[in-house]
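K.L.:
Would you mind keeping the following structure in view while I ask a few things?
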Amino acid sequence: MPGMNRPVSTVPTAALQALKDMLGPGGWLESAADREPYEIDFRRLHRGNTPLVALPDSTARVAGVVELCARERIGIVPQGGNTSYCGGATPRPGGHEILLSLRRMRKIRAVSAQNDSLTAEAGCVLAELQAAASAVNRLLPMSLGSEGSATLGGIVSTNAGGTAVLRYGMTRALVLGLEVVLPDGRVLNQLSALRKDNTGYDLKQLFIGAEGTLGVVTAATLRLFPQPAAVATAFIGLGTPAAAVELLGSLHEALGDTVTTFELVPRVALEFTGRHVAGARDPFGEPHAWYVLAEATLAAADDAFVARFEAALAAAIERGLVEDAVTAASGAQRDALWRLRETIPEAQAKEGASLKHDISVEPARLPSFIEAGRALLERLAPGARLVAYGHLGDGNLHFNLSEPAGGDGGRLAGQADAIRRAVHDLVAAHGGSISAEHGIGQLKVGELERYEDPAALDLMRRIKRAIDPHGIMNPGKVLRDSE
Ligand SMILES: Cc1cc2nc3c(=O)[nH]c(=O)nc-3n(C[C@H](O)[C@H](O)[C@H](O)COP(=O)(O)OP(=O)(O)OC[C@H]3O[C@@H](n4cnc5c(N)ncnc54)[C@H](O)[C@@H]3O)c2cc1C
């Protein structure tokens with residue numbers, strides 16, 4: 001970025017000592033063995049180095065660390081649960097950046113059924129926040145496969161999605177207020193449960209999805225909702241993605257906005273889970289080319305709700321849209337149907353090497369995108385298996401490729417760049433996004449430069465420079481820092 005100061009190239013020993021003194025006993029890690037888990041991402045694709053892992057236990061301490069780093073021009077990499085998919089939370093090689101882990105900031109500051117809100121610190125794990133909401137008979141409608149490890153700070157900073165976006169929106173739609181330590185060490189306190197506040201620019205939006213490049217999120221206030229009193233879940237067999245898109249429209253017409261989840265599963269994914277996941281069972285006697293996991297929920301108790309859901313599915317079968325469907329008659333059956341969707345990543349990992357693309361297009365364009373993508377990949381990687389699954393209701397697919405059965409993973413890995421380029425070009429031609437959920441991190445900086453509107457990129461760079469003039473916040477992530 002022209003004219004932007006770069007962080008210093010080594011972290012001075014005196015600055016490290018000052019940081020350790022400020023953080024106090026138990027507030028930092030320094031030995032190679034202690035640093036190692038923080039220096040590598042969970043998929044072991046990105047590895048870097050840091051001279052110090054800072055573990056502050058309060059907003060004041062985070063502010064102290066950031067203020068000192070700003071003065072000394074030391075880069076800071078924020079990290080929560082370290083579950084992100086694009087290396088955003090991993091320091092770069094060279095040891096020039098300290099790692100700021102929020103894991104010790106785990107207080108739930110307030111939960112209010114009256115306000116339908118929850119305020120918690122950045123290091124709280126999503127599952128504990130869901131439980132805290134549930135304890136006051138409210139729902140925190142954020143649900144991810146990583147909810148046992150992902151933290152509030154990471155979720156806000158990646159604007160995470162998940163399996164209930166169709167009904168409740170992405171994290172951005174759930175955030176009412178934020179507390180952020182700015183890159184000069186000041187604390188921006190916008191923590192409130194207000195629904196209406198039109199006093200000037202809505203600054204919190206800048207930090208949601210910023211992947212730690214504009215400041216450190218230390219706490220957030222989230223919206224809560226009534227707990228569902230009635231739940232209807234189905235696993236549905238159908239012939240084409242186009243039928244799935246049409247089915248979603250007809251479920252919306254029949255059931256309104258009670259449709260919470262609508263996940264697409266291809267036949268190959270069901271075969272993978274059947275082979276590798278204990279207890280995973282195809283619920284149908286006959287194979288179908290595609291499946292949908294659909295769930296609808298209602299806050300008010302209503303004995304007829306499941307029957308209405310089943311009637312909507314029966315009407316879709318009559319119209320020829322759906323080939324077959326099973327609905328869950330118990331909590332255990334519901335869990336079994338969800339497992340068929342949730343265990344796809346682990347089952348796919350057991351099928352050998354894979355390439356992953358986190359793409360979105362408008363839902364109505366998904367069927368033509370899938371067909372064009374399939375033809376493209378058959379040409380580029382004959383024999384490789386397309387595993388296109390995920391959040392169809394949001395137009396978001398994990399457009400993944402597994403190595404050919406019997407395996408030549410090395411060949412697929414060698415083609416990764418060419419295949420990613422071809423898939424992303426196709427996404428762009430369909431007016432879609434090359435990163436629907438996972439963000440940019442360090443993995444997709446070049447992709448953002450290639451596909452983003454130049455005017456938007458220019459604005460992003462100006463915002464970065466205005467808020468973080470010394471470029472200390474998560475350097476090189478989202479935007480290149482060498483320009
Ligand atoms: C099995 C599995 C399933 C997943 N499913 C989904 C899914 O359905 N939808 C989805 O969107 N994602 C999903 N993810 C990705 C990931 O879990 C989410 O992106 C999650 O939000 C990351 O949270 P984290 O605490 O692990 O953040 P980290 O990985 O630690 O960090 C992510 C980014 O946020 C920054 N950051 C972290 N904490 C802070 C903070 N306090 N202040 C400022 N910046 C910060 C980091 O620097 C980094 O850039 C999944 C991951 C796994 C492993």
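How things are named: the first chain in the structure tokens is A, the next is B, and so on; residues count from 1 in each chain; ligands count from 1 in the order shown.
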Taking the DSSP secondary structure from the backbone, can you list the residues of segment 309-476 of chain A that are alpha helix (DSSP H), as a count of residues only?

P.N.:
84

K.L.:
Counting only C-alpha atoms and all ligand atoms, name the residues that have an atom within 6 Å of an atom of ligand 1; the answer should be given as a ChimeraX atom specification.

P.N.:
/A:77-85,88-89,102,122,144-146,150-151,153-155,157-158,160-162,211-212,215-218,437-438,441

K.L.:
Store the residues picked out above in a file with C-alpha atoms, as a PDB file, in the first residue's frame.

P.N.:
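selection.pdb written:
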ATOM      1  CA  VAL A  77      -2.011 -11.705  14.565  1.00  0.00           C
ATOM      2  CA  PRO A  78      -5.263 -12.205  16.512  1.00  0.00           C
ATOM      3  CA  GLN A  79      -6.310 -15.817  17.046  1.00  0.00           C
ATOM      4  CA  GLY A  80      -9.384 -17.448  18.570  1.00  0.00           C
ATOM      5  CA  GLY A  81     -10.121 -21.156  18.130  1.00  0.00           C
ATOM      6  CA  ASN A  82      -7.750 -21.459  15.128  1.00  0.00           C
ATOM      7  CA  THR A  83     -10.407 -23.251  13.051  1.00  0.00           C
ATOM      8  CA  SER A  84     -10.370 -20.941  10.036  1.00  0.00           C
ATOM      9  CA  TYR A  85      -9.845 -22.407   6.566  1.00  0.00           C
ATOM     10  CA  GLY A  88      -6.044 -15.936   8.589  1.00  0.00           C
ATOM     11  CA  ALA A  89      -5.043 -16.720  12.164  1.00  0.00           C
ATOM     12  CA  LEU A 102      -8.071 -14.319  23.030  1.00  0.00           C
ATOM     13  CA  ALA A 122     -14.112 -12.772  22.437  1.00  0.00           C
ATOM     14  CA  LEU A 144     -21.268 -24.536  12.753  1.00  0.00           C
ATOM     15  CA  GLY A 145     -19.450 -27.855  12.536  1.00  0.00           C
ATOM     16  CA  SER A 146     -16.658 -26.138  14.531  1.00  0.00           C
ATOM     17  CA  ALA A 150     -14.639 -21.609  17.258  1.00  0.00           C
ATOM     18  CA  THR A 151     -14.721 -18.469  19.399  1.00  0.00           C
ATOM     19  CA  GLY A 153     -14.065 -13.187  18.265  1.00  0.00           C
ATOM     20  CA  GLY A 154     -13.293 -15.518  15.347  1.00  0.00           C
ATOM     21  CA  ILE A 155     -16.937 -15.855  14.388  1.00  0.00           C
ATOM     22  CA  SER A 157     -14.107 -11.516  12.532  1.00  0.00           C
ATOM     23  CA  THR A 158     -14.938 -14.023   9.774  1.00  0.00           C
ATOM     24  CA  ALA A 160     -19.286 -16.850   9.945  1.00  0.00           C
ATOM     25  CA  GLY A 161     -22.327 -18.495   8.360  1.00  0.00           C
ATOM     26  CA  GLY A 162     -23.411 -22.062   9.120  1.00  0.00           C
ATOM     27  CA  GLU A 211     -10.372 -11.001   9.791  1.00  0.00           C
ATOM     28  CA  GLY A 212      -8.446  -9.076  12.430  1.00  0.00           C
ATOM     29  CA  GLY A 215      -8.567  -4.149  15.238  1.00  0.00           C
ATOM     30  CA  VAL A 216      -9.044  -6.750  17.950  1.00  0.00           C
ATOM     31  CA  VAL A 217     -12.623  -7.680  18.819  1.00  0.00           C
ATOM     32  CA  THR A 218     -12.675  -8.109  22.604  1.00  0.00           C
ATOM     33  CA  GLU A 437     -18.033 -18.065   4.234  1.00  0.00           C
ATOM     34  CA  HIS A 438     -14.382 -18.613   4.979  1.00  0.00           C
ATOM     35  CA  GLY A 441      -6.916 -14.861   5.106  1.00  0.00           C
TER      36      GLY A 441
END

K.L.:
Within 12 Å of segment 236-242 of chain A, which residues of segment 390-452 of chain A come that close, and what is the closest atom pair and distance in Å for each? Count only C-alpha atoms and give it as CSV.

P.N.:
residue,atom,partner,partner_atom,distance
A:Gly390,CA,A:Pro241,CA,11.7
A:Leu392,CA,A:Pro241,CA,8.8
A:Gly393,CA,A:Pro241,CA,11.2
A:Gly395,CA,A:Pro241,CA,11.2
A:Leu397,CA,A:Pro241,CA,11.6

K.L.:
Save the residues we just selected, C-alpha atoms, as a PDB file, in the first residue's frame?

P.N.:
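Wrote again-v2.pdb, looks like this:
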ATOM      1  CA  GLY A 390     -23.686 -27.439   1.426  1.00  0.00           C
ATOM      2  CA  LEU A 392     -28.090 -24.530  -1.083  1.00  0.00           C
ATOM      3  CA  GLY A 393     -30.636 -22.213   0.519  1.00  0.00           C
ATOM      4  CA  GLY A 395     -26.505 -20.302  -2.780  1.00  0.00           C
ATOM      5  CA  LEU A 397     -21.636 -24.720  -1.984  1.00  0.00           C
TER       6      LEU A 397
END

K.L.:
Report as a list in words all protein, DNA and RNA residues lying within 10 Å of Val156 of chain A, evaluated on only C-alpha atoms, omitting residues in the same chain fewer than 6 positions from it.

P.N.:
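What passes the distance filter is Ala122, Met170, Thr171, Arg172, Leu174, Val175, Leu178, Gln205, Phe207, Ile208, Gly209, Ala210, Glu211, Gly212, Val217, Ala219, Ala220 and Leu222 of chain A.
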
K.L.:
Nearest to Gly185 of chain A: which of A:Glu67, A:Glu286, A:Glu318, A:Glu246 is it, counting only C-alpha atoms?

P.N.:
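Checking each of A:Glu67, A:Glu286, A:Glu318, A:Glu246 against Gly185 of chain A, counting only C-alpha atoms, the winner is A:Glu67.
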
K.L.:
Using only C-alpha atoms for the distances, tell me which of A:Glu271, A:Glu263, A:Asp453, A:Asp116 is nearest to Arg195 of chain A.

P.N.:
A:Asp116

K.L.:
Fewer than 4 positions away in the same chain doesn't count, so skip those; otherwise give me all residues within 7 Å of segment 141-143 of chain A, counting only C-alpha atoms, as a list of chain:residue names.

P.N.:
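Selected residues are A:Glu147, A:Gly162, A:Thr163, A:Ala164, A:Tyr168.
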
K.L.:
Mind checking which residues fall within 12 Å of segment 417-422 of chain A, counting only C-alpha atoms, ignoring those fewer than 6 positions away in the same chain, and posting them as a ChimeraX atom specification?

P.N.:
/A:354-359,372-381,384,399-401,411,428-429,434-435,443-444,446-448,450-451

K.L.:
Using N, CA and C atoms, can you write the selected residues to a file as an mmCIF file, in the first residue's frame?

P.N.:
data_model
loop_
_atom_site.group_PDB
_atom_site.id
_atom_site.type_symbol
_atom_site.label_atom_id
_atom_site.label_comp_id
_atom_site.auth_asym_id
_atom_site.auth_seq_id
_atom_site.Cartn_x
_atom_site.Cartn_y
_atom_site.Cartn_z
ATOM 1 N N SER A 354 -8.034 -33.962 -1.627
ATOM 2 C CA SER A 354 -9.181 -33.224 -2.165
ATOM 3 C C SER A 354 -8.806 -31.762 -2.386
ATOM 4 N N LEU A 355 -9.573 -31.120 -3.240
ATOM 5 C CA LEU A 355 -9.453 -29.670 -3.453
ATOM 6 C C LEU A 355 -10.771 -29.059 -3.028
ATOM 7 N N LYS A 356 -10.697 -27.882 -2.331
ATOM 8 C CA LYS A 356 -11.936 -27.302 -1.782
ATOM 9 C C LYS A 356 -12.142 -25.888 -2.289
ATOM 10 N N HIS A 357 -13.373 -25.590 -2.629
ATOM 11 C CA HIS A 357 -13.721 -24.238 -3.072
ATOM 12 C C HIS A 357 -14.995 -23.830 -2.344
ATOM 13 N N ASP A 358 -14.958 -22.664 -1.712
ATOM 14 C CA ASP A 358 -16.083 -22.173 -0.888
ATOM 15 C C ASP A 358 -16.777 -21.065 -1.676
ATOM 16 N N ILE A 359 -17.714 -21.461 -2.535
ATOM 17 C CA ILE A 359 -18.240 -20.494 -3.500
ATOM 18 C C ILE A 359 -19.727 -20.200 -3.253
ATOM 19 N N ALA A 372 -22.238 -26.676 -15.330
ATOM 20 C CA ALA A 372 -21.056 -26.167 -16.044
ATOM 21 C C ALA A 372 -19.786 -26.567 -15.296
ATOM 22 N N GLY A 373 -19.837 -26.530 -13.965
ATOM 23 C CA GLY A 373 -18.659 -26.889 -13.160
ATOM 24 C C GLY A 373 -18.306 -28.356 -13.318
ATOM 25 N N ARG A 374 -19.351 -29.188 -13.356
ATOM 26 C CA ARG A 374 -19.097 -30.623 -13.528
ATOM 27 C C ARG A 374 -18.405 -30.891 -14.875
ATOM 28 N N ALA A 375 -18.919 -30.266 -15.929
ATOM 29 C CA ALA A 375 -18.326 -30.475 -17.264
ATOM 30 C C ALA A 375 -16.868 -29.991 -17.274
ATOM 31 N N LEU A 376 -16.654 -28.852 -16.655
ATOM 32 C CA LEU A 376 -15.302 -28.279 -16.608
ATOM 33 C C LEU A 376 -14.326 -29.219 -15.898
ATOM 34 N N LEU A 377 -14.747 -29.743 -14.748
ATOM 35 C CA LEU A 377 -13.849 -30.578 -13.950
ATOM 36 C C LEU A 377 -13.643 -31.941 -14.600
ATOM 37 N N GLU A 378 -14.668 -32.437 -15.304
ATOM 38 C CA GLU A 378 -14.467 -33.711 -16.020
ATOM 39 C C GLU A 378 -13.379 -33.548 -17.078
ATOM 40 N N ARG A 379 -13.341 -32.350 -17.678
ATOM 41 C CA ARG A 379 -12.305 -32.080 -18.687
ATOM 42 C C ARG A 379 -10.930 -31.924 -18.032
ATOM 43 N N LEU A 380 -10.874 -31.177 -16.929
ATOM 44 C CA LEU A 380 -9.578 -30.855 -16.321
ATOM 45 C C LEU A 380 -9.013 -32.008 -15.497
ATOM 46 N N ALA A 381 -9.884 -32.762 -14.844
ATOM 47 C CA ALA A 381 -9.408 -33.816 -13.939
ATOM 48 C C ALA A 381 -10.261 -35.059 -14.120
ATOM 49 N N ALA A 384 -11.698 -37.672 -11.333
ATOM 50 C CA ALA A 384 -11.835 -37.087 -9.993
ATOM 51 C C ALA A 384 -13.325 -36.959 -9.673
ATOM 52 N N PHE A 399 -17.655 -26.600 -3.226
ATOM 53 C CA PHE A 399 -17.531 -27.201 -4.557
ATOM 54 C C PHE A 399 -16.209 -27.957 -4.601
ATOM 55 N N ASN A 400 -16.225 -29.130 -3.922
ATOM 56 C CA ASN A 400 -14.982 -29.862 -3.671
ATOM 57 C C ASN A 400 -14.754 -30.976 -4.692
ATOM 58 N N LEU A 401 -13.502 -31.355 -4.780
ATOM 59 C CA LEU A 401 -13.129 -32.424 -5.698
ATOM 60 C C LEU A 401 -12.304 -33.447 -4.911
ATOM 61 N N ARG A 411 -1.412 -36.182 -8.351
ATOM 62 C CA ARG A 411 -1.763 -35.526 -9.620
ATOM 63 C C ARG A 411 -2.750 -34.392 -9.362
ATOM 64 N N ALA A 428 -17.085 -16.337 -11.205
ATOM 65 C CA ALA A 428 -17.166 -14.920 -11.604
ATOM 66 C C ALA A 428 -18.133 -14.759 -12.776
ATOM 67 N N ALA A 429 -18.067 -15.709 -13.724
ATOM 68 C CA ALA A 429 -18.962 -15.626 -14.892
ATOM 69 C C ALA A 429 -20.429 -15.777 -14.472
ATOM 70 N N ILE A 434 -16.069 -15.873 -4.646
ATOM 71 C CA ILE A 434 -15.036 -16.908 -4.512
ATOM 72 C C ILE A 434 -14.772 -17.249 -3.041
ATOM 73 N N SER A 435 -15.405 -16.557 -2.131
ATOM 74 C CA SER A 435 -15.301 -16.916 -0.722
ATOM 75 C C SER A 435 -16.605 -16.576 -0.022
ATOM 76 N N LEU A 443 -4.666 -17.135 2.210
ATOM 77 C CA LEU A 443 -4.817 -18.062 1.082
ATOM 78 C C LEU A 443 -5.333 -17.376 -0.179
ATOM 79 N N LYS A 444 -6.245 -16.423 -0.017
ATOM 80 C CA LYS A 444 -6.947 -15.908 -1.193
ATOM 81 C C LYS A 444 -6.670 -14.434 -1.468
ATOM 82 N N GLY A 446 -4.465 -13.103 -3.443
ATOM 83 C CA GLY A 446 -4.345 -12.927 -4.895
ATOM 84 C C GLY A 446 -5.690 -13.075 -5.596
ATOM 85 N N GLU A 447 -6.509 -13.988 -5.079
ATOM 86 C CA GLU A 447 -7.833 -14.205 -5.680
ATOM 87 C C GLU A 447 -8.703 -12.963 -5.499
ATOM 88 N N LEU A 448 -8.627 -12.344 -4.315
ATOM 89 C CA LEU A 448 -9.405 -11.126 -4.074
ATOM 90 C C LEU A 448 -8.967 -10.049 -5.071
ATOM 91 N N ARG A 450 -7.741 -10.467 -7.963
ATOM 92 C CA ARG A 450 -8.143 -10.813 -9.337
ATOM 93 C C ARG A 450 -9.633 -10.579 -9.582
ATOM 94 N N TYR A 451 -10.458 -10.897 -8.575
ATOM 95 C CA TYR A 451 -11.896 -10.923 -8.856
ATOM 96 C C TYR A 451 -12.664 -9.723 -8.283
#

K.L.:
Between A:Ala280, A:Ile440, A:Leu19, A:Val62, which residue has the minimum interatomic distance to Thr213 of chain A, considering only C-alpha atoms?

P.N.:
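Checking each of A:Ala280, A:Ile440, A:Leu19, A:Val62 against Thr213 of chain A, counting only C-alpha atoms, the winner is A:Ile440.
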
K.L.:
One number please: atom CA of Ala269 of chain A to atom CA of Asp282 of chain A, in Å, one decimal.

P.N.:
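Interatomic distance here is 10.8 Å.
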
K.L.:
For segment 296-303 of chain A, please output as a list in words all residues within 10 Å (counting only C-alpha atoms; exclusion window: fewer than 3 positions along the same chain).

P.N.:
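Near neighbours after the sequence-gap exclusion: Leu139, Arg167, Phe225, Pro226, Gln227, Pro228, Ala229, Ala230, Val231, Ala232, Thr233, Ala234, Leu251, His252, Leu255, Gly256, Asp257, Thr258, Val259, Thr260, Thr261, Phe262, Val306, Ala307, Arg308 and Phe309 of chain A.
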
K.L.:
Find, counting only C-alpha atoms, the residue in A:Gly169, A:Gly406, A:Pro183, A:Pro25 that gets nearest to Val65 of chain A.

P.N.:
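Distance minimum relative to Val65 of chain A lands on A:Pro183.
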
K.L.:
For Arg385 of chain A, which residue among A:Glu362, A:Glu371, A:Glu351, A:Glu253 is the nearest when counting only C-alpha atoms?

P.N.:
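Looking only at the distances to Arg385 of chain A, the closest residue turns out to be A:Glu351.
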
K.L.:
Calculated over only C-alpha atoms, which of the candidates A:Arg104, A:Ser149, A:Lys204, A:Leu386 has the smallest distance to Leu126 of chain A?

P.N.:
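Looking at the shortest contact to Leu126 of chain A, the residue is A:Ser149.
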
K.L.:
Fewer than 6 positions away in the same chain doesn't count, so skip those; otherwise give me all residues within 6 Å of Met105 of chain A, counting only C-alpha atoms, as an mmCIF file with N, CA, C and O atoms, in the first residue's frame.

P.N.:
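Output contents, as saved in out_1.cif:
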data_model
loop_
_atom_site.group_PDB
_atom_site.id
_atom_site.type_symbol
_atom_site.label_atom_id
_atom_site.label_comp_id
_atom_site.auth_asym_id
_atom_site.auth_seq_id
_atom_site.Cartn_x
_atom_site.Cartn_y
_atom_site.Cartn_z
ATOM 1 N N ASP A 57 -5.924 -11.351 29.571
ATOM 2 C CA ASP A 57 -7.157 -11.813 30.206
ATOM 3 C C ASP A 57 -8.175 -10.687 30.377
ATOM 4 O O ASP A 57 -9.172 -10.858 31.056
ATOM 5 N N GLU A 121 -17.266 -12.173 26.052
ATOM 6 C CA GLU A 121 -15.914 -11.827 25.609
ATOM 7 C C GLU A 121 -15.481 -12.703 24.435
ATOM 8 O O GLU A 121 -16.013 -13.797 24.215
ATOM 9 N N GLY A 123 -13.099 -14.663 23.628
ATOM 10 C CA GLY A 123 -12.572 -16.022 23.690
ATOM 11 C C GLY A 123 -13.604 -17.079 24.019
ATOM 12 O O GLY A 123 -13.284 -18.276 24.050
#
